Amino acid sequence: PVTGGATAGDGTAPTAVTPPGVAPYVTASPAAGDTGAPGIGDPDFPTDGNGGYDVEHYRLKIDYNPETRHLSGVATITARALQELSRFNLDLSGLTVKRVSVDDGITTFEEVTTAEHAGDELTVTTGDPIPAGKAFTVEVAYAGEPKPVRNSSNLGTYGFIPTRDGAFVTCEPNGAKTWFPGNDHPADKALFDFEITVPAGLTALANGELDGEPVTREGRTTYVWRERHPMVTYLATMTLGRFELRQGRTAAGIKNLAAVDPRYRDSLDDLYTLSGKITDHWATVFGPYPFSSTGGVVDDFSAGYALENQTKPMYGGFDPGEDIIAHELAHQWFGNSLSITRWKDLWLNEGFATYAEWIWSEHRGDSTAEQIFRRHYSADDDAMWAYAPGRARPDDLFNNSVYIRGGMTLHALRQRVGDRVFFELLKTWAAEHKYGYVTTEGFVALAERLSGKQLDALFDAWLFQERKPATW
Ligand code: ARG
Ligand code: ZN
């Protein structure tokens with residue numbers, strides 16, 4: 001329904017409802033033969049992710065010592081071959097690979113597996129091909145000093161960031177490769193199990209919930225965390241250090257965990273209370289909370305941003321206020337449960353989370369979404385009006401337009417279809433694609449279906465034109 005060249009689908013559109021964990025956007029490699037492509041096929045980030053297989057599960061057993069900054073890990077990755085594969089890639093940056101083995105349940109490719117690590121690509125060759133459609137396990141033992149991604153265009157520092165007492169781990173868009181090998185692109189979700197060992201006295205925080213109490217042996221403590229819902233790689237975290245914790249449940253009964261670096265001790269109670277209150281409120285607006293726990297983490301590292309890490313949004317070196325908590329928790333629905341498959345659709349994450357801030361403001365009796373919209377509309381933010389938020393800017397990915405104009409797109413839509421249809425649309429969108437994948441085309445189609453209106457011109461003006469929309 002959306003017109004304009006750059007908005008056309010890329011020919012791999014999935015059916016409306018995608019089953020949990022299945023990645024319809026991982027295409028069989030266009031390369032001939034039985035070689036998986038070194039990129040998943042995102043034209044704006046051509047080497048991110050990989051083709052030819054779909055990861056179903058990551059088991060990450062990781063030991064880290066903040067004093068030496070040494071990490072040693074074993075990643076056990078269960079994947080399904082989408083084509084015959086005698087060779088495939090994993091994304092891994094900087095660490096040293098010690099051993100790689102592949103097993104498809106019939107053949108242990110022990111004798112023939114070779115691995116070559118060049119740049120951020122680990123190429124695994126099994127010799128005998130894994131048949132198309134078959135599940136296989138690849139185990140990678142690796143070690144070294146993790147290095148975050150720094151200053152690649154304007155993304156700042158992200159990935160595994162060593163801190164004085166541990167690590168601050170926020171990976172959007174492609175920093176997961178700095179601490180584990182995988183298919184590092186949002187178009188391939190998987191389940192995650194973490195087994196993290198750190199010096200006793202430190203806390204390891206990963207996604208999902210703790211499986212049993214941490215166990216301390218010979219001065220080292222092991223934390224086992226499980227994320228039981230599909231998750232993209234950039235939302236995975238293993239944030240480490242000294243933390244003060246507050247745990248309990250929200251009023252609606254969702255497990256809630258707040259953790260703060262001792263320097264942010266005074267923020268702990270507010271973080272806990274607001275995260276609980278806002279999670280419960282979003283569940284009434286967007287539909288049931290998609291995960292098994294909520295909360296937040298404040299660490300003593302000035303990232304200059306927050307990240308919606310699944311179940312545990314992370315706030316980098318500041319005391320988070322209501323707006324940003326509302327934003328990161330809205331991402332649990334839009335971005336985390338519903339994931340984009342190409343970075344050009346980032347407004348489906350950031351525009352929605354920004355609009356959620358405006359709804360939260362309206363809800364608590366502050367400025368209404370309409371007032372905030374008008375304020376932005378009258379501002380001469382030339383850069384924002386020149387950027388079409390429906391396209392990716394790989395060199396300026398998290399630009400204002402994706403956030404603000406993305407949010408304004410939703411407000412323009414709300415004005416057009418009315419509150420009843422608009423809020424029904426948000427809930428239906430979240431329900432129909434729960435734990436799945438979304439595209440701009442899919443959102444426009446649903447908005448047209450629920451409103452019975454032709455919305456091409458509206459979305460075209462707001463998402464794809466490099467100028468200020470004349471009207472809304
Ligand atoms: N998704 C985050 C947010 O909601 C932004 C992440 C920015 N990442 C980065 N590497 N700068 O605000
Ligand atoms: Zn965001």
# chains A, B, ... in the order shown; residues from 1 in each chain; ligands from 1

$ residues_near_ligand --ligand "ligand 1" --cutoff "8 Å" --atoms "only C-alpha atoms and all ligand atoms" --output "short mmCIF file (atom, residue, chain, number, x, y, z; two decimals) with N, CA and C atoms, in the first residue's frame"
data_model
loop_
_atom_site.label_atom_id
_atom_site.label_comp_id
_atom_site.auth_asym_id
_atom_site.auth_seq_id
_atom_site.Cartn_x
_atom_site.Cartn_y
_atom_site.Cartn_z
N ASN A 154 27.91 7.70 14.17
CA ASN A 154 27.56 8.44 15.38
C ASN A 154 26.89 7.57 16.44
N LEU A 155 27.25 6.28 16.44
CA LEU A 155 26.59 5.37 17.37
C LEU A 155 27.19 5.39 18.77
N GLY A 156 28.30 6.09 18.95
CA GLY A 156 28.93 6.11 20.27
C GLY A 156 29.63 4.78 20.53
N THR A 157 29.76 4.45 21.81
CA THR A 157 30.41 3.20 22.18
C THR A 157 29.33 2.20 22.57
N TYR A 158 29.40 1.02 22.02
CA TYR A 158 28.38 0.01 22.34
C TYR A 158 28.97 -1.38 22.18
N GLY A 159 28.23 -2.36 22.71
CA GLY A 159 28.74 -3.73 22.73
C GLY A 159 29.16 -4.04 24.16
N THR A 170 25.46 -3.13 26.19
CA THR A 170 24.32 -2.66 25.40
C THR A 170 24.72 -2.75 23.93
N CYS A 171 23.99 -3.48 23.13
CA CYS A 171 24.54 -3.91 21.84
C CYS A 171 23.85 -3.38 20.59
N GLU A 172 22.81 -2.58 20.70
CA GLU A 172 22.15 -2.12 19.49
C GLU A 172 23.06 -1.14 18.72
N PRO A 173 23.28 -1.27 17.42
CA PRO A 173 22.60 -2.23 16.56
C PRO A 173 23.31 -3.57 16.34
N ALA A 303 26.98 6.31 28.89
CA ALA A 303 26.83 5.89 27.49
C ALA A 303 26.24 7.02 26.67
N GLY A 304 25.47 7.89 27.32
CA GLY A 304 24.75 8.91 26.58
C GLY A 304 23.46 8.38 25.99
N TYR A 305 23.09 7.17 26.34
CA TYR A 305 21.82 6.63 25.87
C TYR A 305 21.34 5.55 26.83
N ALA A 306 20.10 5.14 26.60
CA ALA A 306 19.55 4.00 27.32
C ALA A 306 19.28 2.93 26.27
N LEU A 307 19.14 1.70 26.70
CA LEU A 307 18.79 0.64 25.75
C LEU A 307 17.77 -0.29 26.37
N GLU A 308 16.82 -0.71 25.54
CA GLU A 308 15.67 -1.50 25.99
C GLU A 308 15.98 -2.97 26.17
N HIS A 327 9.65 5.16 27.73
CA HIS A 327 10.17 4.84 26.39
C HIS A 327 10.74 3.42 26.35
N GLU A 328 11.66 3.12 27.25
CA GLU A 328 12.32 1.81 27.20
C GLU A 328 11.35 0.67 27.49
N HIS A 331 9.28 -0.19 24.49
CA HIS A 331 10.04 -1.04 23.56
C HIS A 331 9.86 -2.54 23.86
N ASN A 349 10.21 0.83 15.91
CA ASN A 349 10.66 0.77 17.31
C ASN A 349 10.66 2.16 17.93
N GLU A 350 11.45 3.06 17.35
CA GLU A 350 11.72 4.34 18.01
C GLU A 350 10.55 5.32 17.92
N ALA A 353 8.10 4.06 20.56
CA ALA A 353 8.55 4.31 21.94
C ALA A 353 8.50 5.81 22.24
N PHE A 398 20.26 6.41 14.59
CA PHE A 398 19.30 6.83 15.62
C PHE A 398 19.06 8.33 15.55
#

$ residues_around --residues "region 129-141 of chain A" --least-positions-apart "6" --cutoff "8 Å" --atoms "only C-alpha atoms" --output "short mmCIF file (atom, residue, chain, number, x, y, z; two decimals) with N, CA, C and O atoms, in the first residue's frame"
data_model
loop_
_atom_site.label_atom_id
_atom_site.label_comp_id
_atom_site.auth_asym_id
_atom_site.auth_seq_id
_atom_site.Cartn_x
_atom_site.Cartn_y
_atom_site.Cartn_z
N ASP A 34 26.43 -24.60 -1.58
CA ASP A 34 26.01 -24.86 -0.21
C ASP A 34 26.75 -23.96 0.78
O ASP A 34 27.16 -24.38 1.84
N SER A 72 36.33 -15.65 28.95
CA SER A 72 36.42 -16.90 28.19
C SER A 72 35.03 -17.48 28.12
O SER A 72 34.25 -17.44 29.08
N GLY A 73 34.67 -17.96 26.94
CA GLY A 73 33.29 -18.39 26.74
C GLY A 73 33.17 -19.64 25.90
O GLY A 73 34.07 -19.99 25.13
N VAL A 74 32.05 -20.32 26.12
CA VAL A 74 31.66 -21.39 25.21
C VAL A 74 30.23 -21.07 24.78
O VAL A 74 29.34 -20.96 25.63
N ALA A 75 30.05 -20.90 23.48
CA ALA A 75 28.71 -20.64 22.95
C ALA A 75 28.23 -21.91 22.27
O ALA A 75 28.93 -22.46 21.42
N THR A 76 27.06 -22.39 22.70
CA THR A 76 26.47 -23.55 22.05
C THR A 76 25.23 -23.06 21.33
O THR A 76 24.27 -22.60 21.96
N ILE A 77 25.29 -23.11 20.01
CA ILE A 77 24.24 -22.50 19.19
C ILE A 77 23.49 -23.59 18.46
O ILE A 77 24.08 -24.39 17.73
N THR A 78 22.18 -23.65 18.69
CA THR A 78 21.35 -24.59 17.96
C THR A 78 20.66 -23.83 16.85
O THR A 78 20.03 -22.79 17.10
N ALA A 79 20.81 -24.32 15.64
CA ALA A 79 20.26 -23.61 14.48
C ALA A 79 19.64 -24.61 13.52
O ALA A 79 19.85 -25.82 13.64
N ARG A 80 18.86 -24.07 12.58
CA ARG A 80 18.30 -24.92 11.54
C ARG A 80 18.84 -24.47 10.19
O ARG A 80 18.85 -23.26 9.90
N ALA A 81 19.30 -25.42 9.42
CA ALA A 81 19.84 -25.09 8.09
C ALA A 81 18.67 -24.76 7.17
O ALA A 81 17.70 -25.52 7.08
N LEU A 82 18.74 -23.62 6.50
CA LEU A 82 17.68 -23.23 5.57
C LEU A 82 18.02 -23.65 4.14
O LEU A 82 17.25 -23.45 3.22
N GLN A 83 19.20 -24.22 4.00
CA GLN A 83 19.67 -24.70 2.70
C GLN A 83 20.75 -25.72 3.04
O GLN A 83 21.18 -25.81 4.19
N GLU A 84 21.18 -26.48 2.06
CA GLU A 84 22.31 -27.35 2.31
C GLU A 84 23.51 -26.46 2.65
O GLU A 84 23.73 -25.43 2.02
N LEU A 85 24.26 -26.86 3.66
CA LEU A 85 25.34 -25.99 4.16
C LEU A 85 26.62 -26.77 4.42
O LEU A 85 26.68 -27.56 5.35
N SER A 86 27.62 -26.52 3.66
CA SER A 86 28.91 -27.09 4.05
C SER A 86 29.80 -25.98 4.61
O SER A 86 30.89 -26.22 5.09
N ARG A 87 29.27 -24.77 4.52
CA ARG A 87 30.00 -23.63 5.05
C ARG A 87 29.01 -22.55 5.47
O ARG A 87 28.02 -22.32 4.76
N VAL A 97 39.21 -17.44 18.67
CA VAL A 97 38.47 -18.71 18.63
C VAL A 97 39.42 -19.85 18.97
O VAL A 97 40.50 -19.97 18.40
N LYS A 98 39.02 -20.67 19.94
CA LYS A 98 39.89 -21.77 20.39
C LYS A 98 39.50 -23.10 19.74
O LYS A 98 40.32 -23.96 19.50
N ARG A 99 38.20 -23.28 19.57
CA ARG A 99 37.73 -24.58 19.08
C ARG A 99 36.33 -24.39 18.51
O ARG A 99 35.53 -23.63 19.06
N VAL A 100 36.04 -25.07 17.41
CA VAL A 100 34.69 -25.04 16.84
C VAL A 100 34.30 -26.47 16.51
O VAL A 100 35.08 -27.22 15.91
N SER A 101 33.11 -26.89 16.92
CA SER A 101 32.65 -28.21 16.49
C SER A 101 31.20 -28.11 16.04
O SER A 101 30.45 -27.25 16.49
N VAL A 102 30.84 -28.98 15.13
CA VAL A 102 29.49 -28.99 14.56
C VAL A 102 28.94 -30.39 14.63
O VAL A 102 29.65 -31.36 14.41
N ASP A 103 27.66 -30.48 14.99
CA ASP A 103 27.00 -31.78 15.12
C ASP A 103 25.58 -31.63 14.63
O ASP A 103 24.87 -30.74 15.08
N ASP A 104 25.15 -32.48 13.71
CA ASP A 104 23.76 -32.37 13.26
C ASP A 104 22.92 -33.54 13.75
O ASP A 104 21.84 -33.79 13.24
N GLY A 105 23.44 -34.26 14.74
CA GLY A 105 22.68 -35.37 15.31
C GLY A 105 22.98 -36.68 14.59
O GLY A 105 22.74 -37.76 15.13
N PRO A 181 29.64 -15.29 19.59
CA PRO A 181 29.44 -15.54 18.16
C PRO A 181 27.97 -15.79 17.89
O PRO A 181 27.28 -16.43 18.70
#

$ select_by_dssp --residues "region 106-355 of chain A" --states "alpha helix (DSSP H)" --output "tab-separated table (two decimals) with all heavy atoms, in the first residue's frame"
chain	number	residue	atom	x	y	z
A	268	LEU	N	17.37	3.94	43.26
A	268	LEU	CA	16.86	2.56	43.25
A	268	LEU	C	15.35	2.48	43.45
A	268	LEU	O	14.66	1.81	42.68
A	268	LEU	CB	17.60	1.72	44.31
A	268	LEU	CG	17.18	0.25	44.39
A	268	LEU	CD1	17.49	-0.48	43.08
A	268	LEU	CD2	17.88	-0.47	45.55
A	269	ASP	N	14.84	3.14	44.47
A	269	ASP	CA	13.42	2.99	44.77
A	269	ASP	C	12.53	3.57	43.67
A	269	ASP	O	11.53	2.96	43.29
A	269	ASP	CB	13.08	3.63	46.13
A	269	ASP	CG	13.61	2.76	47.27
A	269	ASP	OD1	13.79	1.54	47.06
A	269	ASP	OD2	13.85	3.31	48.36
A	270	ASP	N	12.94	4.72	43.12
A	270	ASP	CA	12.16	5.32	42.03
A	270	ASP	C	12.18	4.44	40.80
A	270	ASP	O	11.17	4.26	40.12
A	270	ASP	CB	12.72	6.69	41.66
A	270	ASP	CG	12.11	7.79	42.51
A	270	ASP	OD1	11.25	7.46	43.37
A	270	ASP	OD2	12.51	8.96	42.34
A	271	LEU	N	13.35	3.91	40.48
A	271	LEU	CA	13.48	3.04	39.31
A	271	LEU	C	12.56	1.83	39.45
A	271	LEU	O	11.82	1.46	38.53
A	271	LEU	CB	14.93	2.58	39.14
A	271	LEU	CG	15.18	1.59	38.00
A	271	LEU	CD1	14.93	2.23	36.64
A	271	LEU	CD2	16.63	1.04	38.05
A	272	TYR	N	12.58	1.25	40.64
A	272	TYR	CA	11.76	0.06	40.90
A	272	TYR	C	10.27	0.41	40.80
A	272	TYR	O	9.51	-0.26	40.10
A	272	TYR	CB	12.09	-0.48	42.30
A	272	TYR	CG	11.22	-1.64	42.70
A	272	TYR	CD1	11.55	-2.93	42.28
A	272	TYR	CD2	10.07	-1.45	43.46
A	272	TYR	CE1	10.73	-4.01	42.62
A	272	TYR	CE2	9.26	-2.52	43.80
A	272	TYR	CZ	9.59	-3.79	43.39
A	272	TYR	OH	8.78	-4.85	43.71
A	273	THR	N	9.87	1.47	41.47
A	273	THR	CA	8.45	1.82	41.54
A	273	THR	C	7.91	2.26	40.18
A	273	THR	O	6.86	1.81	39.73
A	273	THR	CB	8.25	2.95	42.58
A	273	THR	OG1	8.86	2.53	43.79
A	273	THR	CG2	6.78	3.23	42.82
A	274	LEU	N	8.68	3.13	39.51
A	274	LEU	CA	8.22	3.63	38.20
A	274	LEU	C	8.19	2.51	37.16
A	274	LEU	O	7.25	2.43	36.35
A	274	LEU	CB	9.13	4.76	37.72
A	274	LEU	CG	8.92	6.11	38.39
A	274	LEU	CD1	10.05	7.07	38.02
A	274	LEU	CD2	7.56	6.71	37.96
A	275	SER	N	9.22	1.66	37.17
A	275	SER	CA	9.25	0.57	36.19
A	275	SER	C	8.03	-0.33	36.36
A	275	SER	O	7.41	-0.75	35.38
A	275	SER	CB	10.53	-0.26	36.32
A	275	SER	OG	11.66	0.56	36.11
A	276	GLY	N	7.67	-0.60	37.61
A	276	GLY	CA	6.50	-1.44	37.88
A	276	GLY	C	5.21	-0.76	37.43
A	276	GLY	O	4.39	-1.34	36.71
A	277	LYS	N	5.07	0.50	37.83
A	277	LYS	CA	3.86	1.24	37.52
A	277	LYS	C	3.67	1.40	36.00
A	277	LYS	O	2.57	1.22	35.46
A	277	LYS	CB	3.97	2.63	38.18
A	277	LYS	CG	2.71	3.43	38.24
A	277	LYS	CD	2.87	4.59	39.22
A	277	LYS	CE	3.11	5.88	38.47
A	277	LYS	NZ	3.29	7.06	39.34
A	278	ILE	N	4.76	1.73	35.31
A	278	ILE	CA	4.66	1.97	33.87
A	278	ILE	C	4.45	0.66	33.10
A	278	ILE	O	3.66	0.61	32.16
A	278	ILE	CB	5.89	2.77	33.36
A	278	ILE	CG1	5.89	4.17	34.00
A	278	ILE	CG2	5.89	2.87	31.85
A	278	ILE	CD1	7.13	5.00	33.76
A	279	THR	N	5.12	-0.40	33.52
A	279	THR	CA	4.89	-1.71	32.88
A	279	THR	C	3.41	-2.07	32.97
A	279	THR	O	2.78	-2.47	31.98
A	279	THR	CB	5.73	-2.82	33.55
A	279	THR	OG1	7.11	-2.47	33.46
A	279	THR	CG2	5.51	-4.17	32.87
A	280	ASP	N	2.85	-1.92	34.16
A	280	ASP	CA	1.42	-2.26	34.34
A	280	ASP	C	0.54	-1.36	33.48
A	280	ASP	O	-0.44	-1.83	32.89
A	280	ASP	CB	1.02	-2.11	35.82
A	280	ASP	CG	1.53	-3.26	36.68
A	280	ASP	OD1	2.02	-4.27	36.11
A	280	ASP	OD2	1.44	-3.15	37.92
A	281	HIS	N	0.87	-0.09	33.40
A	281	HIS	CA	0.04	0.81	32.59
A	281	HIS	C	0.12	0.43	31.11
A	281	HIS	O	-0.91	0.35	30.43
A	281	HIS	CB	0.46	2.27	32.79
A	281	HIS	CG	-0.38	3.22	31.98
A	281	HIS	ND1	-1.72	3.40	32.23
A	281	HIS	CD2	-0.07	3.97	30.89
A	281	HIS	CE1	-2.21	4.26	31.33
A	281	HIS	NE2	-1.23	4.62	30.51
A	282	TRP	N	1.33	0.18	30.62
A	282	TRP	CA	1.45	-0.20	29.20
A	282	TRP	C	0.67	-1.48	28.90
A	282	TRP	O	0.14	-1.63	27.79
A	282	TRP	CB	2.91	-0.35	28.78
A	282	TRP	CG	3.69	0.94	28.58
A	282	TRP	CD1	5.04	1.07	28.67
A	282	TRP	CD2	3.19	2.25	28.24
A	282	TRP	NE1	5.41	2.38	28.41
A	282	TRP	CE2	4.29	3.12	28.14
A	282	TRP	CE3	1.91	2.77	28.01
A	282	TRP	CZ2	4.17	4.48	27.80
A	282	TRP	CZ3	1.77	4.12	27.69
A	282	TRP	CH2	2.89	4.95	27.59
A	283	ALA	N	0.59	-2.36	29.86
A	283	ALA	CA	-0.17	-3.60	29.62
A	283	ALA	C	-1.65	-3.30	29.38
A	283	ALA	O	-2.32	-4.02	28.64
A	283	ALA	CB	0.01	-4.57	30.79
A	284	THR	N	-2.14	-2.21	29.97
A	284	THR	CA	-3.54	-1.85	29.71
A	284	THR	C	-3.69	-1.15	28.35
A	284	THR	O	-4.75	-1.20	27.75
A	284	THR	CB	-4.14	-0.93	30.81
A	284	THR	OG1	-3.53	0.37	30.70
A	284	THR	CG2	-3.90	-1.49	32.20
A	285	VAL	N	-2.63	-0.53	27.86
A	285	VAL	CA	-2.70	0.20	26.59
A	285	VAL	C	-2.31	-0.68	25.40
A	285	VAL	O	-2.96	-0.66	24.35
A	285	VAL	CB	-1.80	1.46	26.61
A	285	VAL	CG1	-1.88	2.23	25.30
A	285	VAL	CG2	-2.18	2.37	27.78
A	286	PHE	N	-1.24	-1.47	25.56
A	286	PHE	CA	-0.69	-2.25	24.43
A	286	PHE	C	-1.09	-3.72	24.46
A	286	PHE	O	-0.81	-4.46	23.51
A	286	PHE	CB	0.85	-2.18	24.43
A	286	PHE	CG	1.42	-0.78	24.44
A	286	PHE	CD1	2.55	-0.48	25.19
A	286	PHE	CD2	0.86	0.24	23.68
A	286	PHE	CE1	3.10	0.80	25.20
A	286	PHE	CE2	1.39	1.53	23.69
A	286	PHE	CZ	2.51	1.81	24.45
A	322	GLU	N	10.81	9.66	34.27
A	322	GLU	CA	9.63	8.92	33.80
A	322	GLU	C	9.60	8.76	32.29
A	322	GLU	O	9.21	7.71	31.78
A	322	GLU	CB	8.35	9.67	34.20
A	322	GLU	CG	8.10	9.63	35.67
A	322	GLU	CD	6.68	10.03	36.02
A	322	GLU	OE1	5.78	9.90	35.18
A	322	GLU	OE2	6.50	10.47	37.17
A	323	ASP	N	9.98	9.81	31.56
A	323	ASP	CA	9.86	9.75	30.11
A	323	ASP	C	10.69	8.62	29.52
A	323	ASP	O	10.22	7.85	28.69
A	323	ASP	CB	10.31	11.08	29.47
A	323	ASP	CG	9.31	12.18	29.74
A	323	ASP	OD1	8.20	11.87	30.23
A	323	ASP	OD2	9.64	13.34	29.46
A	324	ILE	N	11.94	8.55	29.97
A	324	ILE	CA	12.81	7.54	29.36
A	324	ILE	C	12.43	6.13	29.84
A	324	ILE	O	12.51	5.16	29.09
A	324	ILE	CB	14.31	7.87	29.55
A	324	ILE	CG1	15.14	7.05	28.56
A	324	ILE	CG2	14.76	7.71	30.96
A	324	ILE	CD1	16.45	7.68	28.19
A	325	ILE	N	11.95	6.02	31.06
A	325	ILE	CA	11.49	4.70	31.53
A	325	ILE	C	10.27	4.28	30.71
A	325	ILE	O	10.16	3.13	30.26
A	325	ILE	CB	11.19	4.73	33.05
A	325	ILE	CG1	12.50	4.97	33.83
A	325	ILE	CG2	10.54	3.43	33.49
A	325	ILE	CD1	12.32	5.11	35.34
A	326	ALA	N	9.37	5.23	30.48
A	326	ALA	CA	8.18	4.93	29.65
A	326	ALA	C	8.61	4.50	28.25
A	326	ALA	O	8.04	3.58	27.66
A	326	ALA	CB	7.28	6.16	29.57
A	327	HIS	N	9.65	5.16	27.73
A	327	HIS	CA	10.17	4.84	26.39
A	327	HIS	C	10.74	3.42	26.35
A	327	HIS	O	10.34	2.60	25.51
A	327	HIS	CB	11.23	5.89	26.03
A	327	HIS	CG	11.90	5.71	24.71
A	327	HIS	ND1	11.70	6.57	23.66
A	327	HIS	CD2	12.76	4.76	24.26
A	327	HIS	CE1	12.41	6.17	22.62
A	327	HIS	NE2	13.08	5.07	22.97
A	328	GLU	N	11.66	3.12	27.25
A	328	GLU	CA	12.32	1.81	27.20
A	328	GLU	C	11.35	0.67	27.49
A	328	GLU	O	11.47	-0.41	26.93
A	328	GLU	CB	13.52	1.76	28.17
A	328	GLU	CG	14.56	2.88	27.99
A	328	GLU	CD	15.06	3.08	26.55
A	328	GLU	OE1	15.07	2.09	25.77
A	328	GLU	OE2	15.44	4.22	26.21
A	329	LEU	N	10.38	0.93	28.35
A	329	LEU	CA	9.41	-0.14	28.64
A	329	LEU	C	8.42	-0.33	27.49
A	329	LEU	O	7.98	-1.45	27.23
A	329	LEU	CB	8.71	0.11	29.97
A	329	LEU	CG	9.64	-0.11	31.19
A	329	LEU	CD1	8.96	0.33	32.48
A	329	LEU	CD2	10.10	-1.57	31.30
A	330	ALA	N	8.10	0.75	26.76
A	330	ALA	CA	7.24	0.59	25.57
A	330	ALA	C	7.94	-0.29	24.53
A	330	ALA	O	7.31	-1.05	23.80
A	330	ALA	CB	6.90	1.96	24.98
A	347	TRP	N	11.81	3.06	12.67
A	347	TRP	CA	10.77	3.94	13.23
A	347	TRP	C	9.67	3.11	13.91
A	347	TRP	O	9.02	3.60	14.83
A	347	TRP	CB	10.17	4.84	12.14
A	347	TRP	CG	9.11	4.18	11.32
A	347	TRP	CD1	9.28	3.36	10.25
A	347	TRP	CD2	7.69	4.26	11.55
A	347	TRP	NE1	8.06	2.91	9.78
A	347	TRP	CE2	7.07	3.45	10.57
A	347	TRP	CE3	6.88	4.92	12.49
A	347	TRP	CZ2	5.68	3.29	10.49
A	347	TRP	CZ3	5.50	4.76	12.41
A	347	TRP	CH2	4.92	3.95	11.42
A	348	LEU	N	9.51	1.84	13.50
A	348	LEU	CA	8.52	0.97	14.16
A	348	LEU	C	8.92	0.71	15.61
A	348	LEU	O	8.08	0.34	16.44
A	348	LEU	CB	8.37	-0.36	13.42
A	348	LEU	CG	7.70	-0.33	12.04
A	348	LEU	CD1	7.78	-1.70	11.37
A	348	LEU	CD2	6.23	0.12	12.15
A	349	ASN	N	10.21	0.83	15.91
A	349	ASN	CA	10.66	0.77	17.31
A	349	ASN	C	10.66	2.16	17.93
A	349	ASN	O	9.99	2.42	18.93
A	349	ASN	CB	12.11	0.26	17.40
A	349	ASN	CG	12.29	-1.18	16.95
A	349	ASN	OD1	11.34	-1.83	16.55
A	349	ASN	ND2	13.51	-1.65	17.01
A	350	GLU	N	11.45	3.06	17.35
A	350	GLU	CA	11.72	4.34	18.01
A	350	GLU	C	10.55	5.32	17.92
A	350	GLU	O	10.30	6.08	18.85
A	350	GLU	CB	13.00	4.97	17.46
A	350	GLU	CG	14.24	4.09	17.65
A	350	GLU	CD	14.49	3.66	19.09
A	350	GLU	OE1	13.89	4.25	20.02
A	350	GLU	OE2	15.28	2.72	19.30
A	351	GLY	N	9.83	5.31	16.79
A	351	GLY	CA	8.67	6.18	16.68
A	351	GLY	C	7.60	5.77	17.70
A	351	GLY	O	6.97	6.61	18.35
A	352	PHE	N	7.41	4.45	17.85
A	352	PHE	CA	6.41	3.96	18.79
A	352	PHE	C	6.82	4.27	20.23
A	352	PHE	O	6.00	4.71	21.04
A	352	PHE	CB	6.22	2.45	18.61
A	352	PHE	CG	5.29	2.07	17.49
A	352	PHE	CD1	5.55	2.45	16.17
A	352	PHE	CD2	4.14	1.33	17.74
A	352	PHE	CE1	4.69	2.09	15.14
A	352	PHE	CE2	3.27	0.97	16.71
A	352	PHE	CZ	3.53	1.35	15.42
A	353	ALA	N	8.10	4.06	20.56
A	353	ALA	CA	8.55	4.31	21.94
A	353	ALA	C	8.50	5.81	22.24
A	353	ALA	O	8.20	6.22	23.37
A	353	ALA	CB	9.96	3.75	22.15
A	354	THR	N	8.80	6.63	21.25
A	354	THR	CA	8.71	8.08	21.46
A	354	THR	C	7.25	8.49	21.65
A	354	THR	O	6.92	9.28	22.54
A	354	THR	CB	9.32	8.83	20.25
A	354	THR	OG1	10.70	8.44	20.14
A	354	THR	CG2	9.24	10.34	20.43
A	355	TYR	N	6.38	7.94	20.81
A	355	TYR	CA	4.96	8.28	20.97
A	355	TYR	C	4.45	7.82	22.33
A	355	TYR	O	3.61	8.48	22.95
A	355	TYR	CB	4.12	7.71	19.83
A	355	TYR	CG	2.78	8.39	19.77
A	355	TYR	CD1	2.70	9.77	19.55
A	355	TYR	CD2	1.59	7.69	20.02
A	355	TYR	CE1	1.48	10.43	19.56
A	355	TYR	CE2	0.36	8.35	20.02
A	355	TYR	CZ	0.33	9.72	19.79
A	355	TYR	OH	-0.88	10.38	19.82

$ closest_residue --among "A:Glu424, A:Val297, A:Asn309, A:Tyr437" --to "ligand 2" --atoms "only C-alpha atoms and all ligand atoms"
A:Asn309

$ decode --residues "region 378-383 of chain A" --atoms "N, CA, C and O atoms" --output "PDB file, in the first residue's frame"
ATOM      1  N   SER A 378       5.782  22.821  14.658  1.00  0.00           N
ATOM      2  CA  SER A 378       6.109  24.223  14.376  1.00  0.00           C
ATOM      3  C   SER A 378       7.607  24.499  14.459  1.00  0.00           C
ATOM      4  O   SER A 378       8.059  25.574  14.072  1.00  0.00           O
ATOM      5  N   ALA A 379       8.380  23.534  14.936  1.00  0.00           N
ATOM      6  CA  ALA A 379       9.835  23.767  15.019  1.00  0.00           C
ATOM      7  C   ALA A 379      10.473  23.595  13.644  1.00  0.00           C
ATOM      8  O   ALA A 379      10.109  22.714  12.883  1.00  0.00           O
ATOM      9  N   ASP A 380      11.419  24.483  13.351  1.00  0.00           N
ATOM     10  CA  ASP A 380      12.108  24.383  12.062  1.00  0.00           C
ATOM     11  C   ASP A 380      13.314  23.460  12.178  1.00  0.00           C
ATOM     12  O   ASP A 380      14.442  23.897  12.008  1.00  0.00           O
ATOM     13  N   ASP A 381      13.054  22.214  12.508  1.00  0.00           N
ATOM     14  CA  ASP A 381      14.150  21.259  12.608  1.00  0.00           C
ATOM     15  C   ASP A 381      14.451  20.745  11.200  1.00  0.00           C
ATOM     16  O   ASP A 381      13.968  19.707  10.783  1.00  0.00           O
ATOM     17  N   ASP A 382      15.266  21.513  10.490  1.00  0.00           N
ATOM     18  CA  ASP A 382      15.491  21.211   9.078  1.00  0.00           C
ATOM     19  C   ASP A 382      16.008  19.795   8.854  1.00  0.00           C
ATOM     20  O   ASP A 382      15.606  19.124   7.921  1.00  0.00           O
ATOM     21  N   ALA A 383      16.918  19.387   9.744  1.00  0.00           N
ATOM     22  CA  ALA A 383      17.481  18.048   9.568  1.00  0.00           C
ATOM     23  C   ALA A 383      16.370  17.000   9.633  1.00  0.00           C
ATOM     24  O   ALA A 383      16.315  16.080   8.828  1.00  0.00           O
TER      25      ALA A 383
END
